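Colleague: Next comes model18.pdb, PDB, C-alpha atoms:
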```pdb
ATOM      1  CA  GLY Q 144      25.091   8.757  -3.512  1.00  0.00           C
ATOM      2  CA  TYR Q 145      22.385   8.265  -6.099  1.00  0.00           C
ATOM      3  CA  VAL Q 146      22.895   4.526  -6.571  1.00  0.00           C
ATOM      4  CA  VAL Q 147      22.602   3.874  -2.838  1.00  0.00           C
ATOM      5  CA  ALA Q 148      19.457   6.017  -2.713  1.00  0.00           C
ATOM      6  CA  LEU Q 149      17.913   4.014  -5.562  1.00  0.00           C
ATOM      7  CA  LEU Q 150      18.617   0.564  -4.075  1.00  0.00           C
ATOM      8  CA  PRO Q 151      15.491   0.533  -1.866  1.00  0.00           C
ATOM      9  CA  ALA Q 152      13.391   1.402  -4.921  1.00  0.00           C
ATOM     10  CA  VAL Q 153      14.819  -1.620  -6.744  1.00  0.00           C
ATOM     11  CA  ALA Q 154      13.941  -3.844  -3.774  1.00  0.00           C
ATOM     12  CA  ILE Q 155      10.410  -2.402  -3.662  1.00  0.00           C
ATOM     13  CA  MET Q 156       9.946  -3.003  -7.391  1.00  0.00           C
ATOM     14  CA  GLY Q 157      11.040  -6.605  -6.884  1.00  0.00           C
ATOM     15  CA  GLN Q 158       8.604  -7.094  -4.044  1.00  0.00           C
ATOM     16  CA  LEU Q 159       5.742  -5.562  -6.038  1.00  0.00           C
ATOM     17  CA  TRP Q 160       6.641  -7.756  -9.002  1.00  0.00           C
ATOM     18  CA  ALA Q 161       6.396 -10.804  -6.709  1.00  0.00           C
ATOM     19  CA  VAL Q 162       2.955  -9.681  -5.506  1.00  0.00           C
ATOM     20  CA  MET Q 163       1.782  -9.178  -9.084  1.00  0.00           C
ATOM     21  CA  ARG Q 164       3.067 -12.665  -9.987  1.00  0.00           C
ATOM     22  CA  LEU Q 165       1.161 -14.076  -7.002  1.00  0.00           C
ATOM     23  CA  ILE Q 166      -2.006 -12.373  -8.217  1.00  0.00           C
ATOM     24  CA  ALA Q 167      -1.470 -13.511 -11.807  1.00  0.00           C
ATOM     25  CA  THR Q 168      -0.947 -17.164 -10.854  1.00  0.00           C
ATOM     26  CA  ALA Q 169      -3.656 -17.393  -8.184  1.00  0.00           C
ATOM     27  CA  ASP Q 170      -7.111 -18.797  -8.756  1.00  0.00           C
ATOM     28  CA  GLU Q 171     -10.057 -16.447  -9.293  1.00  0.00           C
ATOM     29  CA  TYR Q 172     -11.079 -16.270  -5.636  1.00  0.00           C
ATOM     30  CA  VAL Q 173      -7.598 -15.503  -4.268  1.00  0.00           C
ATOM     31  CA  ARG Q 174      -7.021 -13.001  -7.073  1.00  0.00           C
ATOM     32  CA  ALA Q 175     -10.286 -11.163  -6.354  1.00  0.00           C
ATOM     33  CA  VAL Q 176      -9.766 -11.054  -2.578  1.00  0.00           C
ATOM     34  CA  THR Q 177      -6.132  -9.963  -2.903  1.00  0.00           C
ATOM     35  CA  LEU Q 178      -7.029  -7.191  -5.327  1.00  0.00           C
ATOM     36  CA  LYS Q 179      -9.895  -5.998  -3.107  1.00  0.00           C
ATOM     37  CA  ARG Q 180      -7.471  -5.801  -0.182  1.00  0.00           C
ATOM     38  CA  PHE Q 181      -4.911  -4.014  -2.347  1.00  0.00           C
ATOM     39  CA  VAL Q 182      -7.454  -1.411  -3.472  1.00  0.00           C
ATOM     40  CA  ALA Q 183      -8.831  -0.912   0.039  1.00  0.00           C
ATOM     41  CA  ALA Q 184      -5.332  -0.389   1.436  1.00  0.00           C
ATOM     42  CA  ALA Q 185      -4.477   2.022  -1.391  1.00  0.00           C
ATOM     43  CA  CYS Q 186      -7.648   4.030  -0.707  1.00  0.00           C
ATOM     44  CA  LEU Q 187      -6.853   4.250   3.000  1.00  0.00           C
ATOM     45  CA  MET Q 188      -3.259   5.227   2.240  1.00  0.00           C
ATOM     46  CA  MET Q 189      -4.306   7.974  -0.168  1.00  0.00           C
ATOM     47  CA  ALA Q 190      -6.835   9.306   2.339  1.00  0.00           C
ATOM     48  CA  ALA Q 191      -4.293   9.233   5.175  1.00  0.00           C
ATOM     49  CA  ALA Q 192      -1.565  10.902   3.077  1.00  0.00           C
ATOM     50  CA  THR Q 193      -3.954  13.610   1.897  1.00  0.00           C
ATOM     51  CA  CYS Q 194      -5.241  14.226   5.413  1.00  0.00           C
ATOM     52  CA  TRP Q 195      -1.711  14.395   6.826  1.00  0.00           C
ATOM     53  CA  GLY Q 196      -0.643  16.758   4.047  1.00  0.00           C
ATOM     54  CA  PHE Q 197      -3.426  19.198   4.819  1.00  0.00           C
ATOM     55  CA  LEU Q 198      -2.750  18.939   8.550  1.00  0.00           C
ATOM     56  CA  GLU Q 199       0.910  19.747   7.839  1.00  0.00           C
ATOM     57  CA  LEU Q 200      -0.133  22.735   5.782  1.00  0.00           C
ATOM     58  CA  TYR Q 201      -2.814  24.198   8.026  1.00  0.00           C
ATOM     59  CA  LYS Q 202      -2.022  22.934  11.531  1.00  0.00           C
ATOM     60  CA  GLY Q 203       1.757  22.710  11.473  1.00  0.00           C
ATOM     61  CA  LEU Q 204       2.099  18.962  11.967  1.00  0.00           C
ATOM     62  CA  PRO Q 205       5.632  17.698  11.356  1.00  0.00           C
ATOM     63  CA  HIS Q 206       6.587  16.796   7.803  1.00  0.00           C
ATOM     64  CA  LEU Q 207       6.845  13.086   7.067  1.00  0.00           C
ATOM     65  CA  GLN Q 208       9.230  11.734   4.472  1.00  0.00           C
ATOM     66  CA  ALA Q 209       7.601  10.278   1.351  1.00  0.00           C
ATOM     67  CA  TRP Q 210       9.164   6.852   1.882  1.00  0.00           C
ATOM     68  CA  TYR Q 211       6.778   6.297   4.812  1.00  0.00           C
ATOM     69  CA  VAL Q 212       3.980   5.778   2.288  1.00  0.00           C
ATOM     70  CA  TYR Q 213       5.172   2.321   1.257  1.00  0.00           C
ATOM     71  CA  PRO Q 214       5.398   0.693   4.700  1.00  0.00           C
ATOM     72  CA  ALA Q 215       2.197   2.478   5.737  1.00  0.00           C
ATOM     73  CA  PHE Q 216       0.431   1.012   2.693  1.00  0.00           C
ATOM     74  CA  TRP Q 217       1.406  -2.501   3.785  1.00  0.00           C
ATOM     75  CA  GLY Q 218       0.303  -1.646   7.312  1.00  0.00           C
ATOM     76  CA  PHE Q 219      -3.109  -0.703   5.931  1.00  0.00           C
ATOM     77  CA  TYR Q 220      -3.084  -3.902   3.866  1.00  0.00           C
ATOM     78  CA  GLY Q 221      -2.599  -5.856   7.076  1.00  0.00           C
ATOM     79  CA  LEU Q 222      -5.395  -3.923   8.768  1.00  0.00           C
ATOM     80  CA  VAL Q 223      -7.952  -4.553   6.010  1.00  0.00           C
ATOM     81  CA  THR Q 224      -7.043  -8.209   5.485  1.00  0.00           C
ATOM     82  CA  PRO Q 225      -9.218  -9.619   8.315  1.00  0.00           C
ATOM     83  CA  PHE Q 226     -12.184  -7.588   7.074  1.00  0.00           C
ATOM     84  CA  VAL Q 227     -11.944  -8.334   3.343  1.00  0.00           C
ATOM     85  CA  ARG Q 228     -12.566 -12.045   3.238  1.00  0.00           C
ATOM     86  CA  THR Q 229     -14.901 -12.478   0.282  1.00  0.00           C
ATOM     87  CA  SER Q 230     -14.739 -11.736  -3.420  1.00  0.00           C
ATOM     88  CA  ARG Q 231     -18.260 -10.306  -3.416  1.00  0.00           C
ATOM     89  CA  PRO Q 232     -18.743  -6.529  -3.602  1.00  0.00           C
TER      90      PRO Q 232
END
```
What's the structure tokens form of this structure?
Modeller:
Amino acid sequence: GYVVALLPAVAIMGQLWAVMRLIATADEYVRAVTLKRFVAAACLMMAAATCWGFLELYKGLPHLQAWYVYPAFWGFYGLVTPFVRTSRP
């Protein structure tokens, strides 16, 4: 039961640890661009989750499980990657 439910969280923590190691060992440019992409994807994910939550509440859209947030975040990361190509603000 609970152990099986927690296994995906362990895998996600391992993947995030690998990303943080990549950022920590990268040069300044790669670190800055990767972090800008990470922040942009997180902002889009928070906006999308908030919007969907209010649409669920007020317009009766179907409820989405919380685990969709993680793959959606990486989807947004993929979407912003071609547009965030410089370390400048």
Colleague: Could you jot down the CA of Ile166 in chain Q to CA of Arg180 in chain Q separation for me, Å, one decimal place?
Modeller: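 Atom-to-atom, CA of Ile166 in chain Q and CA of Arg180 in chain Q are spaced 11.7 Å apart.
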Colleague: Set up a box along x, y and z of the file covering all listed atoms of range 175-191 of chain Q, add 4 Å on every one of the six sides, and write the centre and edge lengths in Å to one decimal, as JSON.
Modeller:
```
{"center_x": -6.8, "center_y": -0.9, "center_z": -0.6, "size_x": 15.0, "size_y": 28.5, "size_z": 19.5}
```
Colleague: Which residues fall under the PyMOL selection byres ((chain Q and resi 182) around 12) in this file, as a list in words?
Modeller: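 Given this file, the PyMOL selection byres ((chain Q and resi 182) around 12) evaluates to Ala175, Val176, Thr177, Leu178, Lys179, Arg180, Phe181, Ala183, Ala184, Ala185, Cys186, Leu187, Met188, Met189, Phe216, Trp217, Phe219, Tyr220, Val223, Thr224 and Val227 of chain Q.
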Colleague: Kindly indicate which residue among Q:Ala190, Q:Lys202, Q:Val162, Q:Trp210 lies nearest to Ala148 in chain Q, using all atoms listed in the file for the distances.
Modeller: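 Residue with the minimum atom-to-atom distance to Ala148 in chain Q: Q:Trp210.
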Colleague: Please, what distance in Å, to one decimal, runs between CA of Tyr211 in chain Q and CA of Pro225 in chain Q?
Modeller: 22.8 Å
Colleague: Separation of CA of Gly157 in chain Q and CA of Ala192 in chain Q, in Å?
Modeller: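 Value for the CA of Gly157 in chain Q-CA of Ala192 in chain Q distance: 23.8 Å.
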